[in-house]
Each structure stands twice: as C-alpha cells, then as structure tokens.
file coords16.cif (mmCIF, C-alpha atoms)
data_work
#
loop_
_atom_site.label_atom_id
_atom_site.label_comp_id
_atom_site.auth_asym_id
_atom_site.auth_seq_id
_atom_site.Cartn_x
_atom_site.Cartn_y
_atom_site.Cartn_z
CA MET A 1307 0.00 0.00 0.00
CA ALA A 1308 1.47 3.37 -0.97
CA VAL A 1309 2.17 5.94 1.78
CA ALA A 1310 1.28 9.56 0.98
CA THR A 1311 4.32 11.83 1.14
CA PHE A 1312 5.01 15.57 1.10
CA TYR A 1313 8.51 16.65 0.06
CA GLY A 1314 9.63 13.10 0.78
CA LEU A 1315 8.22 13.00 4.32
CA PRO A 1316 5.37 10.68 5.26
CA PHE A 1317 2.15 12.67 5.54
CA THR A 1318 1.41 11.08 8.94
CA LEU A 1319 4.75 12.42 10.29
CA ILE A 1320 3.96 15.94 9.04
CA LEU A 1321 0.54 15.74 10.65
CA SER A 1322 2.12 14.68 13.95
CA ILE A 1323 4.53 17.64 13.84
CA LEU A 1324 1.66 20.05 13.21
CA VAL A 1325 -0.33 18.61 16.12
CA LEU A 1326 2.67 18.98 18.45
CA ALA A 1327 3.18 22.58 17.30
CA ILE A 1328 -0.44 23.37 18.14
CA THR A 1329 -0.37 21.45 21.42
CA PHE A 1330 2.95 22.92 22.61
CA PRO A 1331 3.19 26.57 21.50
CA SER A 1332 6.70 28.02 21.34
CA VAL A 1333 7.93 30.33 24.09
CA THR A 1334 9.68 33.45 22.83
CA ALA A 1335 9.13 36.33 25.29
CA ARG A 1336 10.76 36.28 28.70
CA ALA A 1337 8.39 35.35 31.52
CA PHE A 1338 8.18 37.44 34.69
CA PHE A 1339 7.23 36.18 38.14
CA VAL A 1340 6.48 38.35 41.18
CA PHE A 1341 6.48 37.33 44.85
CA GLY A 1342 6.02 39.42 47.97
CA ASP A 1343 3.77 41.94 49.67
CA SER A 1344 1.62 45.00 48.93
CA LEU A 1345 4.46 46.88 47.22
CA VAL A 1346 4.12 44.40 44.34
CA ASP A 1347 0.63 42.85 44.73
CA ASN A 1348 -1.43 43.62 41.62
CA GLY A 1349 -4.77 42.24 42.71
CA ASN A 1350 -4.53 38.79 44.31
CA ASN A 1351 -6.11 40.06 47.51
CA ASN A 1352 -9.20 41.14 45.56
CA TYR A 1353 -10.12 37.45 45.50
CA LEU A 1354 -9.64 36.93 49.26
CA ALA A 1355 -11.70 37.70 52.35
CA THR A 1356 -9.20 40.12 53.87
CA SER A 1357 -9.04 43.77 54.90
CA ALA A 1358 -5.67 44.12 53.09
CA ARG A 1359 -7.23 45.21 49.80
CA ALA A 1360 -6.95 48.12 47.40
CA ASP A 1361 -10.09 47.50 45.37
CA SER A 1362 -11.95 50.72 46.20
CA PRO A 1363 -11.53 54.31 44.98
CA PRO A 1364 -9.43 56.38 44.97
CA TYR A 1365 -6.94 53.55 44.37
CA GLY A 1366 -6.29 53.32 40.63
CA ILE A 1367 -7.29 56.93 40.01
CA ASP A 1368 -4.41 57.36 37.53
CA TYR A 1369 -4.47 53.81 36.13
CA PRO A 1370 -5.48 53.76 32.42
CA THR A 1371 -9.01 52.63 33.39
CA HIS A 1372 -9.17 55.15 36.30
CA ARG A 1373 -10.55 52.30 38.40
CA PRO A 1374 -9.11 50.40 41.38
CA THR A 1375 -7.27 47.24 40.37
CA GLY A 1376 -6.00 45.86 43.66
CA ARG A 1377 -2.66 47.63 43.26
CA PHE A 1378 -1.69 49.73 46.28
CA SER A 1379 -1.01 52.68 44.01
CA ASN A 1380 -2.68 55.58 42.27
CA GLY A 1381 -1.63 53.91 39.00
CA PHE A 1382 1.03 51.44 37.95
CA ASN A 1383 3.17 49.66 40.52
CA MET A 1384 6.74 48.40 40.32
CA PRO A 1385 6.04 45.09 38.49
CA ASP A 1386 3.92 46.91 35.87
CA LEU A 1387 6.75 49.31 35.15
CA ILE A 1388 9.34 46.53 34.94
CA SER A 1389 7.09 44.68 32.47
CA GLN A 1390 6.85 47.84 30.39
CA ARG A 1391 10.63 48.20 30.32
CA MET A 1392 10.90 44.55 29.25
CA GLY A 1393 8.45 45.20 26.42
CA ALA A 1394 6.00 42.71 27.89
CA GLU A 1395 2.37 42.85 28.93
CA PRO A 1396 1.83 43.06 32.70
CA THR A 1397 1.60 39.83 34.66
CA LEU A 1398 -1.84 38.90 35.94
CA PRO A 1399 -2.57 38.00 39.58
CA TYR A 1400 -2.28 34.25 39.99
CA LEU A 1401 -5.83 34.12 41.37
CA SER A 1402 -7.28 35.95 38.37
CA PRO A 1403 -9.67 33.81 36.28
CA GLN A 1404 -8.12 35.49 33.20
CA LEU A 1405 -4.78 33.77 33.85
CA ARG A 1406 -5.16 30.85 31.51
CA GLY A 1407 -3.99 29.61 28.11
CA GLN A 1408 -1.39 31.77 26.41
CA ARG A 1409 -1.57 34.39 29.18
CA LEU A 1410 0.20 31.89 31.43
CA LEU A 1411 3.33 32.18 29.30
CA VAL A 1412 3.74 35.86 30.26
CA GLY A 1413 4.32 34.79 33.87
CA ALA A 1414 2.28 35.43 37.00
CA ASN A 1415 2.10 37.63 40.08
CA PHE A 1416 1.81 35.65 43.33
CA ALA A 1417 2.22 38.61 45.71
CA SER A 1418 -0.25 39.32 48.49
CA ALA A 1419 -0.58 42.48 50.57
CA GLY A 1420 0.15 42.07 54.27
CA ILE A 1421 2.49 39.10 54.15
CA GLY A 1422 6.05 38.89 55.38
CA ILE A 1423 8.94 36.50 55.72
CA LEU A 1424 7.32 35.03 58.81
CA ASN A 1425 3.95 33.30 58.72
CA ASP A 1426 2.72 35.24 61.78
CA THR A 1427 3.38 38.59 60.08
CA GLY A 1428 0.13 40.30 59.07
CA ALA A 1429 -1.94 37.99 61.25
CA GLN A 1430 -4.49 40.79 61.62
CA PHE A 1431 -5.26 40.52 57.88
CA ALA A 1432 -6.28 36.86 58.25
CA ASN A 1433 -6.76 35.39 54.78
CA ILE A 1434 -3.66 36.39 52.76
CA ILE A 1435 -1.25 34.37 50.61
CA ARG A 1436 1.73 33.75 52.86
CA MET A 1437 5.05 32.72 51.37
CA PRO A 1438 4.63 28.93 51.65
CA LEU A 1439 1.41 29.23 49.64
CA GLN A 1440 2.93 31.65 47.12
CA LEU A 1441 5.64 29.06 46.45
CA GLU A 1442 3.05 26.27 46.26
CA TYR A 1443 1.11 28.32 43.71
CA PHE A 1444 4.34 28.68 41.72
CA ARG A 1445 4.68 24.90 41.69
CA GLN A 1446 1.05 24.57 40.58
CA TYR A 1447 1.63 27.21 37.90
CA GLN A 1448 4.43 25.09 36.44
CA GLN A 1449 2.14 22.07 36.33
CA ARG A 1450 -0.47 24.11 34.46
CA VAL A 1451 2.07 25.42 31.97
CA SER A 1452 3.47 21.92 31.43
CA GLY A 1453 0.05 20.93 30.17
CA LEU A 1454 0.29 23.78 27.67
CA ILE A 1455 3.88 23.62 26.37
CA GLY A 1456 5.32 20.44 27.86
CA ALA A 1457 7.59 19.82 30.85
CA SER A 1458 10.94 20.59 29.18
CA GLN A 1459 9.72 23.90 27.71
CA THR A 1460 8.22 24.86 31.08
CA LYS A 1461 11.54 24.21 32.80
CA LYS A 1462 13.23 26.42 30.21
CA LEU A 1463 10.59 29.16 30.60
CA VAL A 1464 11.13 29.27 34.39
CA LYS A 1465 14.92 29.09 34.11
CA ASN A 1466 15.01 32.02 31.67
CA ALA A 1467 12.42 34.08 33.55
CA LEU A 1468 12.98 37.22 35.56
CA VAL A 1469 11.77 37.02 39.16
CA LEU A 1470 11.07 39.87 41.59
CA MET A 1471 10.97 39.20 45.34
CA THR A 1472 9.90 41.95 47.77
CA LEU A 1473 9.72 40.98 51.44
CA GLY A 1474 10.76 42.19 54.87
CA GLY A 1475 9.07 45.51 55.62
CA ASN A 1476 5.92 43.96 57.05
CA ASP A 1477 7.96 41.81 59.43
CA PHE A 1478 8.73 45.07 61.20
CA VAL A 1479 5.71 47.37 60.70
CA ASN A 1480 3.08 44.61 60.82
CA ASN A 1481 4.76 42.36 63.36
CA TYR A 1482 7.66 43.41 65.57
CA TYR A 1483 6.57 47.07 65.88
CA LEU A 1484 2.85 46.58 65.23
CA VAL A 1485 1.91 47.12 68.89
CA PRO A 1486 3.97 47.93 71.98
CA PHE A 1487 5.37 44.76 73.56
CA SER A 1488 4.42 42.59 70.61
CA ALA A 1489 4.98 38.86 70.94
CA ARG A 1490 8.04 38.94 68.67
CA SER A 1491 9.55 41.96 70.45
CA ARG A 1492 9.20 40.13 73.77
CA GLN A 1493 10.74 37.01 72.24
CA TYR A 1494 13.71 38.72 70.53
CA ALA A 1495 15.85 41.81 70.96
CA LEU A 1496 15.92 43.60 67.58
CA PRO A 1497 19.38 42.36 66.44
CA ASN A 1498 18.39 38.77 67.22
CA TYR A 1499 15.04 39.20 65.46
CA VAL A 1500 16.80 40.45 62.32
CA ARG A 1501 19.12 37.45 62.34
CA PHE A 1502 16.11 35.17 62.74
CA ILE A 1503 14.12 36.62 59.82
CA ILE A 1504 17.23 36.61 57.60
CA SER A 1505 17.68 32.89 58.32
CA GLU A 1506 14.00 32.30 57.43
CA TYR A 1507 14.32 34.41 54.27
CA LYS A 1508 17.27 32.28 53.17
CA LYS A 1509 15.04 29.19 53.31
CA ILE A 1510 12.42 30.93 51.13
CA LEU A 1511 15.00 31.91 48.52
CA MET A 1512 16.46 28.41 48.39
CA LYS A 1513 12.97 26.97 47.87
CA LEU A 1514 12.48 29.44 45.02
CA TYR A 1515 15.82 28.34 43.54
CA ASN A 1516 14.83 24.68 43.86
CA LEU A 1517 11.63 25.49 41.96
CA GLY A 1518 13.78 26.58 39.02
CA ALA A 1519 14.28 30.37 39.43
CA ARG A 1520 17.69 31.47 38.16
CA ARG A 1521 17.50 35.27 37.96
CA VAL A 1522 15.95 36.86 41.03
CA LEU A 1523 15.82 40.56 41.95
CA VAL A 1524 15.66 40.79 45.74
CA THR A 1525 14.71 44.18 47.19
CA GLY A 1526 15.84 45.34 50.59
CA THR A 1527 13.53 47.34 52.80
CA GLY A 1528 13.11 51.04 52.22
CA PRO A 1529 13.64 53.62 54.97
CA LEU A 1530 10.86 52.18 57.16
CA GLY A 1531 10.81 55.01 59.67
CA CYS A 1532 10.18 57.67 57.03
CA VAL A 1533 6.81 56.52 55.65
CA PRO A 1534 3.85 58.79 56.56
CA ALA A 1535 2.22 56.05 58.67
CA GLU A 1536 5.24 55.90 60.98
CA LEU A 1537 5.70 59.68 61.02
CA ALA A 1538 2.08 60.05 62.14
CA GLN A 1539 2.53 57.61 65.02
CA ARG A 1540 6.13 58.08 66.11
CA SER A 1541 7.52 61.43 64.91
CA GLN A 1542 7.32 64.67 66.86
CA THR A 1543 8.79 67.11 64.35
CA GLY A 1544 8.83 65.19 61.08
CA GLU A 1545 12.04 63.29 61.66
CA CYS A 1546 12.09 59.63 60.60
CA ALA A 1547 11.25 57.17 63.38
CA ALA A 1548 14.60 56.08 64.82
CA GLU A 1549 13.74 52.51 65.83
CA LEU A 1550 12.34 51.58 62.44
CA GLN A 1551 15.30 53.20 60.71
CA ARG A 1552 17.55 51.11 62.93
CA ALA A 1553 15.64 47.99 61.89
CA ALA A 1554 16.26 48.75 58.19
CA GLN A 1555 19.92 49.52 58.89
CA LEU A 1556 20.32 46.12 60.54
CA PHE A 1557 18.23 44.16 58.03
CA ASN A 1558 19.58 45.33 54.68
CA PRO A 1559 23.32 44.63 55.15
CA GLN A 1560 22.55 41.17 56.52
CA LEU A 1561 20.20 40.48 53.62
CA TYR A 1562 22.85 41.49 51.08
CA GLN A 1563 25.48 39.36 52.83
CA MET A 1564 23.09 36.40 52.79
CA LEU A 1565 22.53 36.90 49.04
CA ASP A 1566 26.30 36.96 48.47
CA ASP A 1567 26.64 33.74 50.46
CA LEU A 1568 23.90 32.04 48.42
CA ASN A 1569 25.41 33.16 45.11
CA SER A 1570 28.82 31.93 46.23
CA LYS A 1571 27.37 28.57 47.22
CA ILE A 1572 25.48 28.25 43.92
CA GLY A 1573 28.40 29.54 41.86
CA SER A 1574 26.33 32.04 39.89
CA HIS A 1575 24.72 35.48 40.26
CA VAL A 1576 21.21 34.12 40.74
CA PHE A 1577 20.19 36.69 43.36
CA ILE A 1578 20.56 40.38 42.48
CA LYS A 1579 20.65 42.93 45.28
CA VAL A 1580 18.24 45.85 44.89
CA ASN A 1581 19.14 48.69 47.28
CA SER A 1582 15.61 49.98 47.88
CA LYS A 1583 16.70 52.01 50.89
CA LYS A 1584 19.14 54.03 48.80
CA MET A 1585 16.59 54.47 46.00
CA HIS A 1586 13.92 55.76 48.38
CA SER A 1587 16.32 57.80 50.50
CA ASP A 1588 17.45 59.84 47.49
CA PHE A 1589 14.07 61.49 47.02
CA ILE A 1590 13.04 61.37 50.69
CA SER A 1591 16.10 63.39 51.68
CA ASP A 1592 15.81 65.83 48.74
CA PRO A 1593 12.32 65.58 47.23
CA ARG A 1594 12.52 68.82 45.26
CA ALA A 1595 15.53 67.56 43.31
CA TYR A 1596 13.18 64.92 41.89
CA GLY A 1597 10.22 67.22 41.30
CA PHE A 1598 8.28 66.33 44.46
CA VAL A 1599 6.78 68.88 46.85
CA SER A 1600 6.66 66.46 49.78
CA SER A 1601 8.26 63.23 50.92
CA LYS A 1602 6.53 63.25 54.31
CA ILE A 1603 2.85 63.79 53.53
CA ALA A 1604 0.88 61.07 51.77
CA CYS A 1605 -1.31 62.14 48.86
CA CYS A 1606 -4.25 60.13 50.24
CA GLY A 1607 -5.00 59.76 53.94
CA GLN A 1608 -5.93 61.64 57.06
CA GLY A 1609 -4.40 62.86 60.31
CA PRO A 1610 -0.80 64.02 60.70
CA TYR A 1611 1.08 63.61 57.40
CA ASN A 1612 -2.09 61.95 56.03
CA GLY A 1613 -0.58 58.93 57.72
CA LEU A 1614 -3.42 57.53 59.81
CA GLY A 1615 -5.87 54.84 58.74
CA LEU A 1616 -6.67 53.78 55.20
CA CYS A 1617 -6.91 55.67 51.93
CA THR A 1618 -10.65 55.87 51.20
CA GLN A 1619 -13.13 58.09 49.37
CA LEU A 1620 -13.48 60.08 52.62
CA SER A 1621 -9.73 60.73 52.87
CA ASN A 1622 -7.85 63.89 51.98
CA LEU A 1623 -6.74 63.52 48.35
CA CYS A 1624 -4.09 65.63 46.63
CA ALA A 1625 -4.87 67.08 43.22
CA ASN A 1626 -1.56 66.12 41.56
CA ARG A 1627 -0.24 62.71 42.54
CA ASP A 1628 3.02 63.28 40.64
CA LEU A 1629 4.11 65.80 43.27
CA TYR A 1630 4.07 63.31 46.16
CA VAL A 1631 6.55 60.56 47.00
CA PHE A 1632 3.88 58.62 48.87
CA TRP A 1633 0.47 57.77 47.50
CA ASP A 1634 -0.96 56.45 50.78
CA PRO A 1635 0.48 56.07 54.31
CA PHE A 1636 2.79 53.20 53.24
CA HIS A 1637 3.12 52.99 49.46
CA PRO A 1638 4.99 55.06 46.85
CA SER A 1639 3.14 56.97 44.17
CA GLU A 1640 3.32 55.78 40.57
CA ARG A 1641 5.86 58.50 39.80
CA ALA A 1642 8.07 57.45 42.71
CA ASN A 1643 7.86 53.87 41.46
CA LYS A 1644 8.98 55.06 38.01
CA ILE A 1645 12.11 56.59 39.54
CA ILE A 1646 12.78 53.38 41.48
CA VAL A 1647 12.41 51.23 38.36
CA GLU A 1648 14.64 53.60 36.38
CA GLN A 1649 17.35 53.06 39.01
CA MET A 1650 16.78 49.32 38.76
CA MET A 1651 17.23 49.53 35.00
CA THR A 1652 20.23 51.83 34.76
CA GLY A 1653 21.56 52.44 38.29
CA SER A 1654 25.16 51.95 39.37
CA THR A 1655 26.31 49.10 41.61
CA GLU A 1656 25.41 51.34 44.55
CA TYR A 1657 21.77 50.68 43.62
CA MET A 1658 21.93 47.29 41.86
CA HIS A 1659 24.62 44.72 42.61
CA PRO A 1660 26.38 43.10 40.85
CA MET A 1661 24.55 44.57 37.81
CA ASN A 1662 21.49 46.57 36.86
CA LEU A 1663 18.46 45.20 35.05
CA SER A 1664 19.46 46.59 31.62
CA THR A 1665 22.74 44.69 31.88
CA ILE A 1666 20.92 41.54 32.99
CA LEU A 1667 18.49 41.69 30.07
CA ALA A 1668 21.29 42.31 27.57
CA LEU A 1669 23.47 39.57 29.04
CA ASP A 1670 20.74 36.98 29.24
CA SER A 1671 19.53 37.70 25.70
CA GLN A 1672 22.89 36.40 24.42
CA ASN A 1673 22.43 33.02 26.10
#
call {"tool": "encode", "arguments": {"input": "coords16.cif", "output": "structure tokens"}}
result
Amino acid sequence: MAVATFYGLPFTLILSILVLAITFPSVTARAFFVFGDSLVDNGNNNYLATSARADSPPYGIDYPTHRPTGRFSNGFNMPDLISQRMGAEPTLPYLSPQLRGQRLLVGANFASAGIGILNDTGAQFANIIRMPLQLEYFRQYQQRVSGLIGASQTKKLVKNALVLMTLGGNDFVNNYYLVPFSARSRQYALPNYVRFIISEYKKILMKLYNLGARRVLVTGTGPLGCVPAELAQRSQTGECAAELQRAAQLFNPQLYQMLDDLNSKIGSHVFIKVNSKKMHSDFISDPRAYGFVSSKIACCGQGPYNGLGLCTQLSNLCANRDLYVFWDPFHPSERANKIIVEQMMTGSTEYMHPMNLSTILALDSQN
C-alpha cells in the first residue's frame, strides 16, 4: 500500500509535527514572576476575604481605566513598570480567572498584601497568601504550563524568567513594631530578630531556587521610619522614626550578605541585590531635586502627614499625585515607582549589585 508523502516525508509524520506545534506553542518572550507583599501585589487580595485590599476608589485613580485594580497605588506599581521596560504585557494576579492559556506564558504575580517573611506577620489581615502558599502556587503554575507547552519547555521558561521578590518591611511594621510589647519583640531583641528573619528568608529563597528560578531581583527594605504612617505615630517634628530606621539599617546589610553567600554557594549570580533604601532615601532626603513637593505627607490619607488609617473616598486627596513621593500612608506613588524602576534599569552598583536590570536583560539575551 502506498504511503502519501510531502517533500519526501510521510504525511502522517507531518501531521504529527503540526499537532505537536499546536499542542505545545513556542515560548519566545521572557516570563516574569512576582512574589512578595503590597508593594508588588497587583490584585490577588481582591479574591480573598481580607481587609488588606486596594479595590476601592481612589486607588487606581491614575491607572489607564481610572478604576481600582488591587494595586496599592494611584496607577502602575513596580512590576507593571518593569514589564513595560521589558516590552511585555503586565503579569496577571495568579488568582485571576483570566490567567489561563497563552496568558500563562507571560508569567504570574503571586504577591499578596500584608504578608512577610514570617507566617505570623500580618496575622491581623487573616486570609492572605503567605510565602509557603505563594511558592506552592508557583509549583502549581508550572504544572499548568506543562500541560500547555510540555515539561521541558516549562523548565526552560522558568529558568530564563525574571523574578522579583519583595519581602521584609511587614515583618517590622506589621509584626515586631505593630503594637507595643508585641509577641516577637518580647521574644527577641531587635538584632536577634533580624538574624532570625534573615535565616528564614534564606530558606524561602532556596525553595524558590529549587523550583527553578535562576535570575531573582531581591529588594531590601526602604527607609521604614520615614513613611507617613510611621511619622504620624512616632515622629514629633517630622524626623524619621529612629527605631524603624535602625531595623532597616540592621536588616539590609545582613540580607545582602546572605545573598552573596547564596550566590557563592550556587556559583552564579542568581540573586541580584536591589538597594531599595538608597533608591527611596534619594528622594526622601531631597524631594525637590526629583520634582516632588513632599516626601513626608501622603497624597491620600488623614491625620498628621495623612498617615493615619486607610486611603478611602473620605480621605484627603491631593490634586496632583506626581508631586508626592507617597500615594498612601505606606506605598509610593506611581511617579516614585517610576524613579525606582529607572534606578533598577540603569543604576550603578550602589543601587543594583552586581549589575542593573538593563545589563541583565542584555546579558541573558545572548544566552
């Protein structure tokens, strides 16, 4: 019986190749994965029964839709702006029903407002996606993508992906310093607490590495004592709260040393240090040099420095968000985030070590 051929190849073989091409689409763009807290959450908490949400106006007032999205921002947040610089569409929240099919290949955002390194951080927010669950969702994500493009292509997608990890601030403001004589502050003196959370953070990063991540931006904490929420509660004359500043000064150097140790052990620059404290401190110490009128007063809020309570429709709201470093009592404005991402892209080793994101993207594109 004759076998039909096409350019010398059996027709059945060609058909099989076409079926595989349809079943396992090719992956060309670089995927982006986001883990962490409210600084990078883009809407996961909208799907949870928690008070740590940004799904009501005036959040999102400067977003293209002018509607709240779950981002703790007046507009775009840090992951959005990184995606834009990568020439990619923004990652969807992992819990979004829209995250399916080809959209999975863009990556996913697993971040959840309120969480920290420790599982007891943000306990007052109840139902949030703590780090063990964020990492479990990442594992589940890979299973879902394997069904779309196959196991080997999924492994390659994850290996070549960019990852952003933002943790640590809440372990101080929503745990150790949340209330006077908190459980953790009675358990640990501050230097010992910092050592403890660094050791726990190391475990998280190694789990992420074992799940296939090979290029991870790890942000330090910003100047914790300078946010409007802390000024409102702890500052007499507008000076940054000393204890929280001390916490950041202890945490960041130990975090960076831990990242160096991990990279040395692995034998590769997997973990990239992002000096968030330096990035924020530049425009907090000299806001006018960056076109801001205030680095102490939040655009949206109430009380001293607009730093008390939540940002709601009843809050004071500034007319021009671009003039304020802080959008709400804790979170940077979209314009402040743009400056931060610009430093991530092009900053010197003082800001990004051992290399900035532009260098990473150029280097990795050659591999």
call {"tool": "resolve_selection", "arguments": {"input": "coords16.cif", "expression": "the PyMOL selection byres ((chain A and resi 1417) around 10)", "output": "VMD selection string"}}
result
chain A and resid 1339 to 1351 1399 to 1400 1414 to 1416 1418 to 1421 1434 to 1437 1440 1470 to 1473
call {"tool": "write_last_selection", "arguments": {"input": "coords16.cif", "atoms": "C-alpha atoms", "output": "PDB file, keeping the file's coordinate frame"}}
result
ATOM      1  CA  PHE A1339       7.230  36.180  38.140  1.00  0.00           C
ATOM      2  CA  VAL A1340       6.480  38.350  41.180  1.00  0.00           C
ATOM      3  CA  PHE A1341       6.480  37.330  44.850  1.00  0.00           C
ATOM      4  CA  GLY A1342       6.020  39.420  47.970  1.00  0.00           C
ATOM      5  CA  ASP A1343       3.770  41.940  49.670  1.00  0.00           C
ATOM      6  CA  SER A1344       1.620  45.000  48.930  1.00  0.00           C
ATOM      7  CA  LEU A1345       4.460  46.880  47.220  1.00  0.00           C
ATOM      8  CA  VAL A1346       4.120  44.400  44.340  1.00  0.00           C
ATOM      9  CA  ASP A1347       0.630  42.850  44.730  1.00  0.00           C
ATOM     10  CA  ASN A1348      -1.430  43.620  41.620  1.00  0.00           C
ATOM     11  CA  GLY A1349      -4.770  42.240  42.710  1.00  0.00           C
ATOM     12  CA  ASN A1350      -4.530  38.790  44.310  1.00  0.00           C
ATOM     13  CA  ASN A1351      -6.110  40.060  47.510  1.00  0.00           C
ATOM     14  CA  PRO A1399      -2.570  38.000  39.580  1.00  0.00           C
ATOM     15  CA  TYR A1400      -2.280  34.250  39.990  1.00  0.00           C
ATOM     16  CA  ALA A1414       2.280  35.430  37.000  1.00  0.00           C
ATOM     17  CA  ASN A1415       2.100  37.630  40.080  1.00  0.00           C
ATOM     18  CA  PHE A1416       1.810  35.650  43.330  1.00  0.00           C
ATOM     19  CA  SER A1418      -0.250  39.320  48.490  1.00  0.00           C
ATOM     20  CA  ALA A1419      -0.580  42.480  50.570  1.00  0.00           C
ATOM     21  CA  GLY A1420       0.150  42.070  54.270  1.00  0.00           C
ATOM     22  CA  ILE A1421       2.490  39.100  54.150  1.00  0.00           C
ATOM     23  CA  ILE A1434      -3.660  36.390  52.760  1.00  0.00           C
ATOM     24  CA  ILE A1435      -1.250  34.370  50.610  1.00  0.00           C
ATOM     25  CA  ARG A1436       1.730  33.750  52.860  1.00  0.00           C
ATOM     26  CA  MET A1437       5.050  32.720  51.370  1.00  0.00           C
ATOM     27  CA  GLN A1440       2.930  31.650  47.120  1.00  0.00           C
ATOM     28  CA  LEU A1470      11.070  39.870  41.590  1.00  0.00           C
ATOM     29  CA  MET A1471      10.970  39.200  45.340  1.00  0.00           C
ATOM     30  CA  THR A1472       9.900  41.950  47.770  1.00  0.00           C
ATOM     31  CA  LEU A1473       9.720  40.980  51.440  1.00  0.00           C
TER      32      LEU A1473
END
call {"tool": "atom_distance", "arguments": {"input": "coords16.cif", "atom1": "CA of Pro1559 in chain A", "atom2": "CA of Met1384 in chain A"}}
result
22.6 Å
call {"tool": "residues_around", "arguments": {"input": "coords16.cif", "residues": "Leu1463 in chain A", "least_positions_apart": "5", "cutoff": "10 Å", "atoms": "all atoms listed in the file", "output": "number ranges by chain"}}
result
A: 1333-1338, 1411-1413, 1448, 1451, 1455, 1457-1458, 1468, 1518-1519
call {"tool": "resolve_selection", "arguments": {"input": "coords16.cif", "expression": "the PyMOL selection byres ((chain A and resi 1578-1591) around 7)", "output": "list in words"}}
result
Val1522, Leu1523, Val1524, Thr1525, Gly1526, Thr1527, Gly1528, Pro1529, Tyr1562, His1575, Val1576, Phe1577, Asp1592, Pro1593, Tyr1596, Ser1601, Ile1646, Tyr1657, Met1658, His1659 and Pro1660 of chain A
call {"tool": "closest_atom_pairs", "arguments": {"input": "coords16.cif", "of": "range 1366-1473 of chain A", "to": "range 1477-1500 of chain A", "cutoff": "6 Å", "atoms": "all atoms listed in the file", "output": "Markdown table"}}
result
| residue | atom | partner | partner_atom | distance |
| --- | --- | --- | --- | --- |
| A:Gly1422 | CA | A:Asp1477 | CA | 5.3 |
| A:Thr1427 | CA | A:Asn1481 | CA | 5.2 |
| A:Gly1428 | CA | A:Asn1480 | CA | 5.5 |
call {"tool": "atom_distance", "arguments": {"input": "coords16.cif", "atom1": "CA of Gly1615 in chain A", "atom2": "CA of Arg1552 in chain A"}}
result
24.1 Å
call {"tool": "closest_residue", "arguments": {"input": "coords16.cif", "among": "A:Lys1509, A:Arg1406, A:Lys1602, A:Arg1521", "to": "Glu1545 in chain A", "atoms": "only C-alpha atoms"}}
result
A:Lys1602
call {"tool": "closest_residue", "arguments": {"input": "coords16.cif", "among": "A:Ser1389, A:Ser1639, A:Gln1459, A:Gln1539", "to": "Tyr1369 in chain A", "atoms": "all atoms listed in the file"}}
result
A:Ser1639
call {"tool": "residues_around", "arguments": {"input": "coords16.cif", "residues": "Leu1629 in chain A", "least_positions_apart": "3", "cutoff": "7 Å", "atoms": "only C-alpha atoms", "output": "VMD selection string"}}
result
chain A and resid 1597 to 1599 1626
call {"tool": "write_last_selection", "arguments": {"input": "coords16.cif", "atoms": "C-alpha atoms", "output": "tab-separated table (two decimals), in the coordinates of the input"}}
result
chain	number	residue	atom	x	y	z
A	1597	GLY	CA	10.22	67.22	41.30
A	1598	PHE	CA	8.28	66.33	44.46
A	1599	VAL	CA	6.78	68.88	46.85
A	1626	ASN	CA	-1.56	66.12	41.56
call {"tool": "atom_distance", "arguments": {"input": "coords16.cif", "atom1": "CA of Met1392 in chain A", "atom2": "CA of Arg1373 in chain A"}}
result
24.6 Å
call {"tool": "residues_around", "arguments": {"input": "coords16.cif", "residues": "Thr1356 in chain A", "least_positions_apart": "4", "cutoff": "7 Å", "atoms": "only C-alpha atoms", "output": "PyMOL selection string"}}
result
chain A and resi 1431-1434
call {"tool": "closest_residue", "arguments": {"input": "coords16.cif", "among": "A:Leu1410, A:Arg1540, A:Ile1503, A:Ala1358", "to": "Thr1460 in chain A", "atoms": "only C-alpha atoms"}}
result
A:Leu1410
call {"tool": "closest_residue", "arguments": {"input": "coords16.cif", "among": "A:Leu1568, A:Leu1616, A:Lys1513, A:Ala1604", "to": "Leu1439 in chain A", "atoms": "all atoms listed in the file"}}
result
A:Lys1513
call {"tool": "closest_residue", "arguments": {"input": "coords16.cif", "among": "A:Gln1608, A:Gln1408, A:Gln1560, A:Ser1362", "to": "Glu1395 in chain A", "atoms": "only C-alpha atoms"}}
result
A:Gln1408
call {"tool": "closest_residue", "arguments": {"input": "coords16.cif", "among": "A:Tyr1353, A:Ala1538, A:Met1512, A:Arg1594", "to": "Leu1614 in chain A", "atoms": "only C-alpha atoms"}}
result
A:Ala1538
call {"tool": "axis_aligned_box", "arguments": {"input": "coords16.cif", "around": "range 1461-1472 of chain A", "padding_each_side": "8 Å", "output": "AutoDock Vina command-line options"}}
result
--center_x 12.5 --center_y 33.1 --center_z 39.0 --size_x 21.1 --size_y 33.7 --size_z 33.6
call {"tool": "residues_around", "arguments": {"input": "coords16.cif", "residues": "Leu1387 in chain A", "least_positions_apart": "5", "cutoff": "12 Å", "atoms": "all atoms listed in the file", "output": "compact mmCIF listing (two decimals) with C-alpha atoms, in the frame of the given file"}}
result
# COMPACT_ATOMS: atom_id res chain seq x y z
CA PHE A 1338 8.18 37.44 34.69
CA VAL A 1346 4.12 44.40 44.34
CA ASN A 1348 -1.43 43.62 41.62
CA GLY A 1381 -1.63 53.91 39.00
CA PHE A 1382 1.03 51.44 37.95
CA MET A 1392 10.90 44.55 29.25
CA GLY A 1393 8.45 45.20 26.42
CA ALA A 1394 6.00 42.71 27.89
CA GLU A 1395 2.37 42.85 28.93
CA PRO A 1396 1.83 43.06 32.70
CA THR A 1397 1.60 39.83 34.66
CA GLU A 1640 3.32 55.78 40.57
CA ARG A 1641 5.86 58.50 39.80
CA ALA A 1642 8.07 57.45 42.71
CA ASN A 1643 7.86 53.87 41.46
CA LYS A 1644 8.98 55.06 38.01
CA ILE A 1645 12.11 56.59 39.54
CA ILE A 1646 12.78 53.38 41.48
CA VAL A 1647 12.41 51.23 38.36
CA GLU A 1648 14.64 53.60 36.38
CA GLN A 1649 17.35 53.06 39.01
CA MET A 1650 16.78 49.32 38.76
CA MET A 1651 17.23 49.53 35.00
